Amino acid sequence: MLRGSESKEEFRVVELSAQYSPHEVEQKWYSFWKEQGYFKPNMNPEAPTFSIVMPPPNVTGILHVGHALNNTWQDILIRFHRMLGDNTLWLPGTDHAGIHTQMKVEELLRSQNIDRRSIGREAFIQEVWQWKEKYGGEILRQVEKLGASVDWDRLRFTMDEGLSKAVTEVFVRLYEEGLIYRGNYITNWCVSCRTALSDIEVEHDDEKGTLTFIRYPLVDEPGEIVVATTRPETMLGDTAIAVHPDDPRWNHLVGHQVKVPLVDRIIPIIADTYVDPEYGTGAVKVTPAHDPNDFQMGERHQLPQIPVIGEDGRMTEAAGPYQGLDRYEARQRIIKDLDERGAIEKQEDLIHSVGHCEKCGTVIEPLLSLQWFVKIKPLAEPALNAVRMGAIKFVPERFEKIYTNWMENIRDWCISRQIWWGHRIPAYYCDHCDHVMVAREAPEHCDVCGGPVHQDEDVLDTWFSSALWPFSTLGWPDQTEDLKTFYPTSVLSTAYDIIFFWVSRMIMQGIHFTGQKPFTTVLLHGLVRDSQGRKMSKSLGNGVDPMDVIERYGADALRMALVLSSAPGNDQRYSDERVQAASHFANKIYNAIRYVRMNLPENFVLKPLNPHHVEDVWIIQQLNQTIEKMTAWLHEFEFGQAARAIYDFLWDDYCDWYIELSKIRLREYPSDADEVLSTLIYVAEQSLKLLHPFMPFVTEELWQSIPHEGESIMIAPWPEVMPLSHQEQALATMDRVKSLIRAGRNLRAEVNLPPGQRVQFFAVADNASVLGDWRQEEVAIRELLRAQDIAWHVKSEDVAKPHHALTGVALGGSLSLLLEGVVDLEKEAARVKKMMDQTQAELERVERQLGDQKFLERAPEPVVAKAKAQREELVSRITRLKERWEDLQ
C-alpha cells in the first residue's frame with residue numbers, strides 16, 4: 001500500500017524541468033546508483049540467488065550495437081531480479097585478447113619505429129600493460145554510459161593475479177590427468193600473426209582457385225599417374241601418392257613408385273581408404289607436413305615429413321631452387337616450370353573453401369609444428385550430457401542441435417600461441433637433458449639431472465582463460481564465499497556465433513573442474529544488421545556507434561529501440577527511426593508525469609486506493625494484466641514482448657486514455673480529485689517500475705518526482721497485481737466507450753473538422769445495457785468528441801437513420817455525425833462521388849488483371865493472392881462510399 005502524508009517530503013526532492021534532458025539525467029542517476037552501492041548483491045541468505053557474468057569484451061574493443069543489445073538484455077534481467085528481491089550479481093570484466101592486443105601495441109610501437117623484438121619480451125609486456133591501463137577501460141566506460149548495473153567492485157580481468165592462478169591450476173591439472181599433451185602436428189598457422197590457431201579461429205570463405213593436374217612419371221615402367229591439386233607449391237614436400245584400395249583404375253599400381261617432378265624425389269604409391277575416388281583423377285598427392293589429412297595418412301604409412309613452407313610463408317631450404325620465395329610467388333614459378341617440362345596435363349577453374357585468420361584475414365597455412373593440445377573428447381562427453389539431460393537449456397532451443405553436432409565431432413584443441421602477451425604456458429625445459437616439467441610454481445632446477453631450466457616461450461590461447469570465466473571470476477580454485485553463493489551462474493547471454501569458441505568450452509571446463517554446470521540457461525541473441533539487412537562492417541561503412549546514438553537520443557532510447565526489435569536467436573535491423581520513436585516515448589511519459597505533478601495540491605496526501613469508478617477500475621485492471629504478462633515474458637526471456645506490453649500500456653491506456661479522462665473528471669467533478677490523483681500516482685509509480693529494467697534513467701527521474709517508498713526505483717519491489725472487484729464489467733464498459741469515441745474521431749477526421757469545432761452526434765446502442773455504459777461516461781464522451789450534443793437511442797424500428805450524416809460502427813452500436821450546417825453537403829457529396837469513381841476504376845483494373853489467364857498461370861501465388869485480397873477490399877470500400885454518398889443526398 002502507498003504511504004500517506006509521510007511521502008510528501010520525499011517526492012518533492014526531484015523537480016522536473018520543462019523539457020527532458022537525457023544527458024543530465026543519465027549521468028546524475030548512474031553516479032547516484034554507484035555511490036549508494038545499489039549494484040551490489042544484497043547477500044540475503046534467505047533470498048534466491050541470480051547471477052550473470054558479463055561476457056568479457058576485449059580490452060582492445062569499443063562498444064558496438066551487438067554489445068549494446070547484449071548488455072541491455074543482461075541489465076534487464078539483473079534489474080528485474082533485483083526488484084524481485086533476489087540476491088543479484090552482475091559481474092563485469094574484460095579479456096586480455098592475446099593476439100588482438102599484441103597487434104595493437106606492435107602497431108603503436110611501429111609508429112615510433114620500434115620493433116618488439118628489439119626491446120625484448122619483458123619490455124614489450126610492460127608496454128602492453130601501459131597500453132591496457134590507458135586504453136583498456138574505454139569499453140567499460142561505454143558500458144557505464146549504457147546504464148549497465150554491474151558490481152564494479154568485482155571487476156575482473158583475465159590477466160588478474162587470481163584469474164592467472166586459476167589458468168595455471170587448470171593447465172597443470174589437465175596435464176596431470178593426461179588431457180594436455182605436446183606434439184608435432186599439423187596446425188592452422190597464420191604467417192602474419194606468426195602463431196598457431198585453433199580450428200574455430202579460422203574463417204572459411206569460398207574463393208576462386210585453379211585445379212592443376214600434374215603428371216608424376218612411374219619409375220619402374222612406362223606411364224604416369226596424374227594428380228589434381230589446388231596448391232602446386234606443396235608438391236615439393238610430397239612423400240607419397242595415394243589411391244583408394246578399391247579403385248580399379250589405380251589399385252594395380254599400389255606398391256609402385258613415381259618421381260616427383262622438379263625435385264626428382266622417388267616416392268611410393270600407397271592405398272588408403274581416405275582417398276575419394278570421385279575427386280580429381282582419384283589419385284592424390286600426400287604432403288604430410290602441409291595438410292592435416294595427409295599428416296594422418298603419413299602417420300598410418302610411416303611417411304617422411306618434409307616442410308617446404310616456413311612460418312613466414314616463404315619456401316624453406318627443402319624447397320631447393322625455390323627457397324626464399326613467397327608461397328604464392330613460388331606457386332606461379334612452379335606452374336611455369338612444370339608447364340615447360342610438359343608435366344601439366346590441364347588446369348580447371350573452381351570455387352573452393354579457403355581458411356583465413358579471423359584476427360588479420362591472412363590465408364592460413366597448414367604447417368607441421370610442435371604445439372600443446374587439449375585432449376577434448378573426455379571433456380566433451382559430460383558437457384554433451386548436461387545439455388541432452390536438460391541441465392543446461394539453450395534459448396532458443398534450436399541452437400542445442402548446433403551445439404550437439406559440434407561437440408559430437410570436436411577435435412583436439414591446439415592451445416599454444418607463439419606470441420608474448422597472454423598466460424605463459426607453465427611448462428619448463430631442462431637445458432641439459434631436455435626433461436619437461438609442468439608446475440604451478442617455476443622450478444629452480446631440473447628434477448632429473450639438476451640442470452638449469454627455462455620456461456616455454458609460448459602463451460595460451462585467449463579462449464583457454466575465457467573458458468574458466470564463470471568460476472575463475474568468483475575466486476576458484478579457492479572456495480570463496482562468492483563461489484559458494486553465485487556459482488553456478490543463472491544465465492549466460494551471448495551471441496550465437498561464439499557457441500563453439502566460448503560457450504562449449506565454458507561448459508566443458510566448468511563441469512570438469514567444479515563438478516557443476518557453469519550456468520543454467522544459454523540465452524543467445526542474433527546480429528544487429530543495418531537498415532537494409534546487411535552485416536555491419538568497416539568496408540561497407542554502415543556501422544553504428546552506440547555512443548553517437550546515446551549522445552543524440554540518450555541511452556534509454558537506444559536500449560528501448562533495440563529491445564523492442566529483438567527476439568532470442570534472431571537477427572534484427574537497426575533503425576535510427578526506431579531510436580527516435582523510443583525517444584518520443586520517453587518524452588511522452590515525462591510530460592505525462594509532469595502533468596500529474598502539476599495537478600498535485602501543495603499538501604496532497606495519498607489516499608489508500610479502493611477504486612469504484614469505472615475508469616479507475618479499468619486502468620488498474622489494465623495495469624494488472626500488464627504486470628502478469630511482463631512478469632511471465634521476462635522469466636521466459638521474451639524481452640521484446642515485455643517491452644511492447646509496457647510501451648503500449650503507458651502510451652495508449654495511461655497517457656492517451658486515462659490521463660485525458662482524468663482531466664475531464666478533475667475539471668467537472670472536483671469531489672473525485674483524491675481518487676483520480678491517487679489512481680494517477682499509483683498507476684504511474686507501478687508502471688515506472690515495470691519500465692525501469694528497459695529505460696532505467698528516465699524512470700528513476702520520474703519515480704523520484706512522485707510519491708513513492710524507498711530510496712531508488714532500482715531497489716523498489718517489482719509490482720504485484722492489485723485485487724479488484726467488478727473489473728470485468730469495467731473492462732466491458734470501457735471497451736464500448738473507447739470504441740464509440742474512436743468511431744466519432746474517425747468521422748470528424750473523415751470531413752477534416754477543426755479540433756475545436758463543436759458538432760452533433762446521433763448514437764444508437766444495440767441494447768439498453770450498451771446505452772447505459774455510454775451514458776455512464778457521457779460527459780467524457782462529449783468532451784473527447786468535442787460534441788455540442790449527442791442524441792442517445794436504443795436500436796428499434798422507431799429509430800430512423802439520420803439524414804445528411806456520416807455513420808460509423810462502434811462496439812455495441814453505431815454513431816452518426818450530423819453534417820447539416822457543418823460541411824458543404826454538395827461539396828462533400830462530390831468528394832465522396834470522386835472517391836467512388838476512383839475506387840471503381842481501380843477495381844476494374846484489378847478485375848482485368850484477375851481475368852487474365854496468363855497472369856493467373858505465371859504470377860507467383862502470393863502475388864495472385866494479394867490481387868484477390870485487393871479486389872475484396874475495393875468492393876467493400878465502394879459499398880461504404882455508396883452508403884455515404886446516399887446519406888448526403
# chains A, B, ... in the order shown; residues from 1 in each chain; ligands from 1
>>> residues_around(residues="Gln686 of chain A", least_positions_apart="3", cutoff="9 Å", atoms="only C-alpha atoms", output="list in words")
Leu623, Ile627, Ile681, Tyr682, Val683, Lys689, Leu690, Leu691, Trp718, Pro719 and Glu720 of chain A
>>> write_last_selection(atoms="C-alpha atoms", output="PDB file, in the first residue's frame")
ATOM      1  CA  LEU A 623      -2.069  -2.438 -15.254  1.00  0.00           C
ATOM      2  CA  ILE A 627       2.160  -6.897 -14.730  1.00  0.00           C
ATOM      3  CA  ILE A 681       0.062   8.279  -8.876  1.00  0.00           C
ATOM      4  CA  TYR A 682      -0.405   4.580  -8.131  1.00  0.00           C
ATOM      5  CA  VAL A 683      -0.515   3.562 -11.780  1.00  0.00           C
ATOM      6  CA  LYS A 689       8.800   0.154 -12.048  1.00  0.00           C
ATOM      7  CA  LEU A 690       7.690  -2.108 -14.905  1.00  0.00           C
ATOM      8  CA  LEU A 691       9.508   0.098 -17.383  1.00  0.00           C
ATOM      9  CA  TRP A 718       8.590  -5.458  -8.559  1.00  0.00           C
ATOM     10  CA  PRO A 719       4.860  -4.635  -8.968  1.00  0.00           C
ATOM     11  CA  GLU A 720       2.200  -7.088  -7.872  1.00  0.00           C
TER      12      GLU A 720
END
>>> closest_atom_pairs(of="segment 358-451 of chain A", to="segment 488-496 of chain A", cutoff="10 Å", atoms="only C-alpha atoms", output="tab-separated table")
residue	atom	partner	partner_atom	distance
A:Ile392	CA	A:Val491	CA	9.7
A:Lys393	CA	A:Val491	CA	9.7
A:Phe394	CA	A:Leu492	CA	9.6
A:Val395	CA	A:Ser493	CA	9.5
A:Pro396	CA	A:Tyr496	CA	9.9
A:Phe399	CA	A:Tyr496	CA	8.0
A:Ile402	CA	A:Tyr496	CA	9.9
>>> residues_around(residues="Asp545 of chain A", least_positions_apart="6", cutoff="9 Å", atoms="only C-alpha atoms", output="list in words")
Ile62, Leu63, His64 and Val65 of chain A
>>> closest_residue(among="A:Val167, A:Ile376, A:Val172, A:Met560", to="Leu69 of chain A", atoms="only C-alpha atoms")
A:Met560
>>> closest_residue(among="A:Ser472, A:Asp276, A:Gln572, A:Met508", to="Ser531 of chain A", atoms="only C-alpha atoms")
A:Gln572
>>> select_by_dssp(residues="segment 350-560 of chain A", states="strand (DSSP E or B)", output="JSON, numbers by chain")
{"A": [350, 351, 352, 353, 354, 355, 356, 357, 363, 365, 366, 367, 368, 369, 370, 371, 372, 373, 374, 393, 394, 395, 413, 414, 416, 417, 424, 427, 428, 429, 430, 436, 437, 438, 453, 454, 455, 459, 460, 489, 490, 491, 492, 493, 494, 495, 519, 520, 521, 522, 523, 524, 525, 528, 529]}
>>> residues_around(residues="Gly533 of chain A", least_positions_apart="4", cutoff="12 Å", atoms="only C-alpha atoms", output="VMD selection string")
chain A and resid 527 to 529 542 571 to 575
>>> residues_around(residues="segment 441-457 of chain A", least_positions_apart="2", cutoff="10 Å", atoms="only C-alpha atoms", output="MDAnalysis selection string")
chainID A and resid 121 168 416:420 424:439 459
>>> residues_around(residues="Phe761 of chain A", least_positions_apart="2", cutoff="8 Å", atoms="only C-alpha atoms", output="list in words")
Val759, Ala763, Ala787, Asp789, Ile790, Ala791, Leu815, Ser816, Leu817 and Leu818 of chain A
>>> write_last_selection(atoms="N, CA, C and O atoms", output="short mmCIF file (atom, residue, chain, number, x, y, z; two decimals), in the first residue's frame")
data_model
loop_
_atom_site.label_atom_id
_atom_site.label_comp_id
_atom_site.auth_asym_id
_atom_site.auth_seq_id
_atom_site.Cartn_x
_atom_site.Cartn_y
_atom_site.Cartn_z
N VAL A 759 -19.87 19.76 -32.68
CA VAL A 759 -20.80 19.18 -33.64
C VAL A 759 -21.81 18.30 -32.91
O VAL A 759 -21.68 18.04 -31.71
N ALA A 763 -26.28 8.70 -31.58
CA ALA A 763 -25.77 7.40 -31.15
C ALA A 763 -26.91 6.40 -31.04
O ALA A 763 -27.96 6.71 -30.45
N ALA A 787 -18.33 17.36 -28.73
CA ALA A 787 -19.72 17.28 -29.18
C ALA A 787 -20.54 18.42 -28.57
O ALA A 787 -20.47 18.66 -27.36
N ASP A 789 -23.83 18.23 -28.85
CA ASP A 789 -24.92 17.44 -28.29
C ASP A 789 -24.81 16.02 -28.88
O ASP A 789 -24.28 15.83 -29.97
N ILE A 790 -25.27 15.04 -28.10
CA ILE A 790 -25.35 13.66 -28.58
C ILE A 790 -26.76 13.17 -28.31
O ILE A 790 -27.25 13.21 -27.17
N ALA A 791 -27.44 12.73 -29.36
CA ALA A 791 -28.77 12.14 -29.22
C ALA A 791 -28.61 10.64 -28.98
O ALA A 791 -28.03 9.94 -29.81
N LEU A 815 -22.58 5.23 -34.49
CA LEU A 815 -22.54 6.66 -34.19
C LEU A 815 -22.56 7.41 -35.51
O LEU A 815 -21.83 7.07 -36.44
N SER A 816 -23.41 8.43 -35.57
CA SER A 816 -23.51 9.25 -36.79
C SER A 816 -23.13 10.69 -36.46
O SER A 816 -23.50 11.23 -35.41
N LEU A 817 -22.39 11.29 -37.38
CA LEU A 817 -22.04 12.71 -37.30
C LEU A 817 -23.01 13.47 -38.20
O LEU A 817 -23.05 13.23 -39.41
N LEU A 818 -23.78 14.39 -37.63
CA LEU A 818 -24.75 15.16 -38.39
C LEU A 818 -24.03 16.27 -39.13
O LEU A 818 -23.31 17.07 -38.53
#
>>> closest_residue(among="A:Val832, A:Cys655, A:Val846, A:Val59", to="Trp129 of chain A", atoms="only C-alpha atoms")
A:Val59
>>> residues_around(residues="Tyr647 of chain A", least_positions_apart="2", cutoff="10 Å", atoms="only C-alpha atoms", output="VMD selection string")
chain A and resid 560 564 582 585 to 586 589 641 to 645 649 to 653 687 690 to 691
>>> select_by_dssp(residues="segment 674-792 of chain A", states="alpha helix (DSSP H)", output="PyMOL selection string")
chain A and resi 674-691+696-703+727-750+768-776+778-784
>>> atom_distance(atom1="atom CA of Ala289 of chain A", atom2="atom CA of Gln305 of chain A")
5.1 Å
>>> atom_distance(atom1="atom CA of Ile139 of chain A", atom2="atom CA of His525 of chain A")
19.9 Å
>>> closest_atom_pairs(of="segment 556-587 of chain A", to="segment 15-33 of chain A", cutoff="12 Å", atoms="only C-alpha atoms", output="tab-separated table")
residue	atom	partner	partner_atom	distance
A:Asp556	CA	A:Pro22	CA	8.1
A:Ala557	CA	A:Pro22	CA	9.1
A:Leu558	CA	A:Pro22	CA	11.4
A:Ser583	CA	A:Pro22	CA	9.3
A:His584	CA	A:Tyr20	CA	10.5
A:Phe585	CA	A:Tyr20	CA	11.4
A:Ala586	CA	A:Tyr20	CA	8.3
A:Asn587	CA	A:Tyr20	CA	6.5
>>> write_last_selection(atoms="C-alpha atoms", output="short mmCIF file (atom, residue, chain, number, x, y, z; two decimals), in the first residue's frame")
data_model
loop_
_atom_site.label_atom_id
_atom_site.label_comp_id
_atom_site.auth_asym_id
_atom_site.auth_seq_id
_atom_site.Cartn_x
_atom_site.Cartn_y
_atom_site.Cartn_z
CA ASP A 556 17.20 4.83 -22.64
CA ALA A 557 16.08 5.46 -26.21
CA LEU A 558 18.79 3.21 -27.67
CA SER A 583 13.00 9.00 -27.58
CA HIS A 584 9.50 10.36 -28.30
CA PHE A 585 8.12 7.72 -25.94
CA ALA A 586 10.46 8.88 -23.16
CA ASN A 587 9.31 12.47 -23.72
#
>>> decode(residues="segment 486-529 of chain A", atoms="N, CA and C atoms", output="PDB file, in the first residue's frame")
ATOM      1  N   PHE A 486      27.295 -17.735  -5.730  1.00  0.00           N
ATOM      2  CA  PHE A 486      26.841 -17.334  -7.065  1.00  0.00           C
ATOM      3  C   PHE A 486      27.147 -18.331  -8.174  1.00  0.00           C
ATOM      4  N   TYR A 487      27.807 -19.454  -7.839  1.00  0.00           N
ATOM      5  CA  TYR A 487      28.090 -20.477  -8.850  1.00  0.00           C
ATOM      6  C   TYR A 487      27.298 -21.725  -8.523  1.00  0.00           C
ATOM      7  N   PRO A 488      26.637 -22.344  -9.510  1.00  0.00           N
ATOM      8  CA  PRO A 488      26.582 -21.982 -10.924  1.00  0.00           C
ATOM      9  C   PRO A 488      25.839 -20.663 -11.149  1.00  0.00           C
ATOM     10  N   THR A 489      26.231 -19.959 -12.187  1.00  0.00           N
ATOM     11  CA  THR A 489      25.536 -18.735 -12.525  1.00  0.00           C
ATOM     12  C   THR A 489      24.192 -19.079 -13.167  1.00  0.00           C
ATOM     13  N   SER A 490      23.343 -18.069 -13.300  1.00  0.00           N
ATOM     14  CA  SER A 490      21.977 -18.320 -13.741  1.00  0.00           C
ATOM     15  C   SER A 490      21.838 -18.326 -15.258  1.00  0.00           C
ATOM     16  N   VAL A 491      22.348 -17.271 -15.892  1.00  0.00           N
ATOM     17  CA  VAL A 491      22.155 -17.096 -17.335  1.00  0.00           C
ATOM     18  C   VAL A 491      23.461 -16.652 -17.968  1.00  0.00           C
ATOM     19  N   LEU A 492      23.761 -17.222 -19.119  1.00  0.00           N
ATOM     20  CA  LEU A 492      24.827 -16.692 -19.963  1.00  0.00           C
ATOM     21  C   LEU A 492      24.155 -16.084 -21.189  1.00  0.00           C
ATOM     22  N   SER A 493      24.308 -14.796 -21.354  1.00  0.00           N
ATOM     23  CA  SER A 493      23.733 -14.118 -22.526  1.00  0.00           C
ATOM     24  C   SER A 493      24.857 -13.758 -23.477  1.00  0.00           C
ATOM     25  N   THR A 494      24.784 -14.267 -24.699  1.00  0.00           N
ATOM     26  CA  THR A 494      25.867 -14.030 -25.645  1.00  0.00           C
ATOM     27  C   THR A 494      25.348 -14.198 -27.066  1.00  0.00           C
ATOM     28  N   ALA A 495      26.219 -13.941 -28.028  1.00  0.00           N
ATOM     29  CA  ALA A 495      25.842 -14.062 -29.437  1.00  0.00           C
ATOM     30  C   ALA A 495      25.922 -15.520 -29.878  1.00  0.00           C
ATOM     31  N   TYR A 496      25.053 -15.880 -30.818  1.00  0.00           N
ATOM     32  CA  TYR A 496      25.024 -17.284 -31.253  1.00  0.00           C
ATOM     33  C   TYR A 496      26.281 -17.684 -32.019  1.00  0.00           C
ATOM     34  N   ASP A 497      27.073 -16.694 -32.487  1.00  0.00           N
ATOM     35  CA  ASP A 497      28.237 -17.046 -33.307  1.00  0.00           C
ATOM     36  C   ASP A 497      29.455 -17.460 -32.485  1.00  0.00           C
ATOM     37  N   ILE A 498      29.358 -17.463 -31.136  1.00  0.00           N
ATOM     38  CA  ILE A 498      30.516 -17.945 -30.360  1.00  0.00           C
ATOM     39  C   ILE A 498      30.147 -19.154 -29.497  1.00  0.00           C
ATOM     40  N   ILE A 499      29.155 -19.907 -29.952  1.00  0.00           N
ATOM     41  CA  ILE A 499      28.829 -21.156 -29.254  1.00  0.00           C
ATOM     42  C   ILE A 499      30.062 -22.059 -29.210  1.00  0.00           C
ATOM     43  N   PHE A 500      30.787 -22.140 -30.332  1.00  0.00           N
ATOM     44  CA  PHE A 500      31.944 -23.046 -30.405  1.00  0.00           C
ATOM     45  C   PHE A 500      33.154 -22.453 -29.697  1.00  0.00           C
ATOM     46  N   PHE A 501      33.402 -21.162 -29.930  1.00  0.00           N
ATOM     47  CA  PHE A 501      34.572 -20.517 -29.331  1.00  0.00           C
ATOM     48  C   PHE A 501      34.535 -20.585 -27.814  1.00  0.00           C
ATOM     49  N   TRP A 502      33.390 -20.251 -27.264  1.00  0.00           N
ATOM     50  CA  TRP A 502      33.346 -19.931 -25.843  1.00  0.00           C
ATOM     51  C   TRP A 502      32.351 -20.773 -25.050  1.00  0.00           C
ATOM     52  N   VAL A 503      31.106 -20.822 -25.511  1.00  0.00           N
ATOM     53  CA  VAL A 503      30.060 -21.478 -24.728  1.00  0.00           C
ATOM     54  C   VAL A 503      30.418 -22.940 -24.460  1.00  0.00           C
ATOM     55  N   SER A 504      30.780 -23.672 -25.503  1.00  0.00           N
ATOM     56  CA  SER A 504      31.074 -25.099 -25.340  1.00  0.00           C
ATOM     57  C   SER A 504      32.263 -25.306 -24.396  1.00  0.00           C
ATOM     58  N   ARG A 505      33.259 -24.438 -24.501  1.00  0.00           N
ATOM     59  CA  ARG A 505      34.455 -24.611 -23.670  1.00  0.00           C
ATOM     60  C   ARG A 505      34.171 -24.283 -22.212  1.00  0.00           C
ATOM     61  N   MET A 506      33.316 -23.292 -21.965  1.00  0.00           N
ATOM     62  CA  MET A 506      32.941 -22.998 -20.581  1.00  0.00           C
ATOM     63  C   MET A 506      32.186 -24.169 -19.960  1.00  0.00           C
ATOM     64  N   ILE A 507      31.309 -24.781 -20.740  1.00  0.00           N
ATOM     65  CA  ILE A 507      30.557 -25.917 -20.208  1.00  0.00           C
ATOM     66  C   ILE A 507      31.504 -27.076 -19.892  1.00  0.00           C
ATOM     67  N   MET A 508      32.439 -27.355 -20.805  1.00  0.00           N
ATOM     68  CA  MET A 508      33.386 -28.449 -20.583  1.00  0.00           C
ATOM     69  C   MET A 508      34.237 -28.203 -19.334  1.00  0.00           C
ATOM     70  N   GLN A 509      34.851 -27.028 -19.257  1.00  0.00           N
ATOM     71  CA  GLN A 509      35.762 -26.752 -18.148  1.00  0.00           C
ATOM     72  C   GLN A 509      35.004 -26.590 -16.832  1.00  0.00           C
ATOM     73  N   GLY A 510      33.821 -25.952 -16.893  1.00  0.00           N
ATOM     74  CA  GLY A 510      33.056 -25.758 -15.667  1.00  0.00           C
ATOM     75  C   GLY A 510      32.677 -27.075 -15.020  1.00  0.00           C
ATOM     76  N   ILE A 511      32.149 -27.999 -15.821  1.00  0.00           N
ATOM     77  CA  ILE A 511      31.751 -29.304 -15.281  1.00  0.00           C
ATOM     78  C   ILE A 511      32.966 -30.077 -14.791  1.00  0.00           C
ATOM     79  N   HIS A 512      34.050 -30.023 -15.545  1.00  0.00           N
ATOM     80  CA  HIS A 512      35.233 -30.821 -15.194  1.00  0.00           C
ATOM     81  C   HIS A 512      35.871 -30.354 -13.887  1.00  0.00           C
ATOM     82  N   PHE A 513      35.922 -29.035 -13.677  1.00  0.00           N
ATOM     83  CA  PHE A 513      36.687 -28.532 -12.527  1.00  0.00           C
ATOM     84  C   PHE A 513      35.835 -28.189 -11.307  1.00  0.00           C
ATOM     85  N   THR A 514      34.537 -28.025 -11.476  1.00  0.00           N
ATOM     86  CA  THR A 514      33.698 -27.737 -10.312  1.00  0.00           C
ATOM     87  C   THR A 514      32.702 -28.845 -10.038  1.00  0.00           C
ATOM     88  N   GLY A 515      32.516 -29.732 -11.015  1.00  0.00           N
ATOM     89  CA  GLY A 515      31.516 -30.765 -10.860  1.00  0.00           C
ATOM     90  C   GLY A 515      30.103 -30.266 -11.079  1.00  0.00           C
ATOM     91  N   GLN A 516      29.977 -28.996 -11.468  1.00  0.00           N
ATOM     92  CA  GLN A 516      28.663 -28.408 -11.694  1.00  0.00           C
ATOM     93  C   GLN A 516      28.654 -27.661 -13.028  1.00  0.00           C
ATOM     94  N   LYS A 517      27.478 -27.526 -13.587  1.00  0.00           N
ATOM     95  CA  LYS A 517      27.332 -26.733 -14.808  1.00  0.00           C
ATOM     96  C   LYS A 517      27.698 -25.279 -14.506  1.00  0.00           C
ATOM     97  N   PRO A 518      28.228 -24.543 -15.480  1.00  0.00           N
ATOM     98  CA  PRO A 518      28.597 -23.149 -15.225  1.00  0.00           C
ATOM     99  C   PRO A 518      27.407 -22.195 -15.232  1.00  0.00           C
ATOM    100  N   PHE A 519      26.316 -22.587 -15.866  1.00  0.00           N
ATOM    101  CA  PHE A 519      25.112 -21.755 -15.942  1.00  0.00           C
ATOM    102  C   PHE A 519      23.933 -22.660 -16.277  1.00  0.00           C
ATOM    103  N   THR A 520      22.740 -22.151 -16.019  1.00  0.00           N
ATOM    104  CA  THR A 520      21.531 -22.935 -16.264  1.00  0.00           C
ATOM    105  C   THR A 520      20.969 -22.693 -17.655  1.00  0.00           C
ATOM    106  N   THR A 521      21.058 -21.437 -18.115  1.00  0.00           N
ATOM    107  CA  THR A 521      20.470 -21.060 -19.399  1.00  0.00           C
ATOM    108  C   THR A 521      21.501 -20.367 -20.267  1.00  0.00           C
ATOM    109  N   VAL A 522      21.557 -20.760 -21.527  1.00  0.00           N
ATOM    110  CA  VAL A 522      22.367 -20.060 -22.526  1.00  0.00           C
ATOM    111  C   VAL A 522      21.384 -19.263 -23.387  1.00  0.00           C
ATOM    112  N   LEU A 523      21.397 -17.960 -23.212  1.00  0.00           N
ATOM    113  CA  LEU A 523      20.484 -17.064 -23.926  1.00  0.00           C
ATOM    114  C   LEU A 523      21.240 -16.443 -25.090  1.00  0.00           C
ATOM    115  N   LEU A 524      20.765 -16.690 -26.297  1.00  0.00           N
ATOM    116  CA  LEU A 524      21.505 -16.299 -27.493  1.00  0.00           C
ATOM    117  C   LEU A 524      20.775 -15.208 -28.260  1.00  0.00           C
ATOM    118  N   HIS A 525      21.499 -14.151 -28.565  1.00  0.00           N
ATOM    119  CA  HIS A 525      20.935 -13.090 -29.400  1.00  0.00           C
ATOM    120  C   HIS A 525      21.561 -13.154 -30.790  1.00  0.00           C
ATOM    121  N   GLY A 526      20.888 -12.514 -31.741  1.00  0.00           N
ATOM    122  CA  GLY A 526      21.389 -12.502 -33.108  1.00  0.00           C
ATOM    123  C   GLY A 526      22.232 -11.277 -33.390  1.00  0.00           C
ATOM    124  N   LEU A 527      22.496 -11.066 -34.667  1.00  0.00           N
ATOM    125  CA  LEU A 527      23.267  -9.899 -35.101  1.00  0.00           C
ATOM    126  C   LEU A 527      22.348  -8.690 -35.231  1.00  0.00           C
ATOM    127  N   VAL A 528      22.907  -7.527 -34.986  1.00  0.00           N
ATOM    128  CA  VAL A 528      22.194  -6.285 -35.298  1.00  0.00           C
ATOM    129  C   VAL A 528      22.728  -5.817 -36.650  1.00  0.00           C
ATOM    130  N   ARG A 529      21.874  -5.862 -37.649  1.00  0.00           N
ATOM    131  CA  ARG A 529      22.267  -5.505 -39.013  1.00  0.00           C
ATOM    132  C   ARG A 529      21.847  -4.066 -39.320  1.00  0.00           C
TER     133      ARG A 529
END
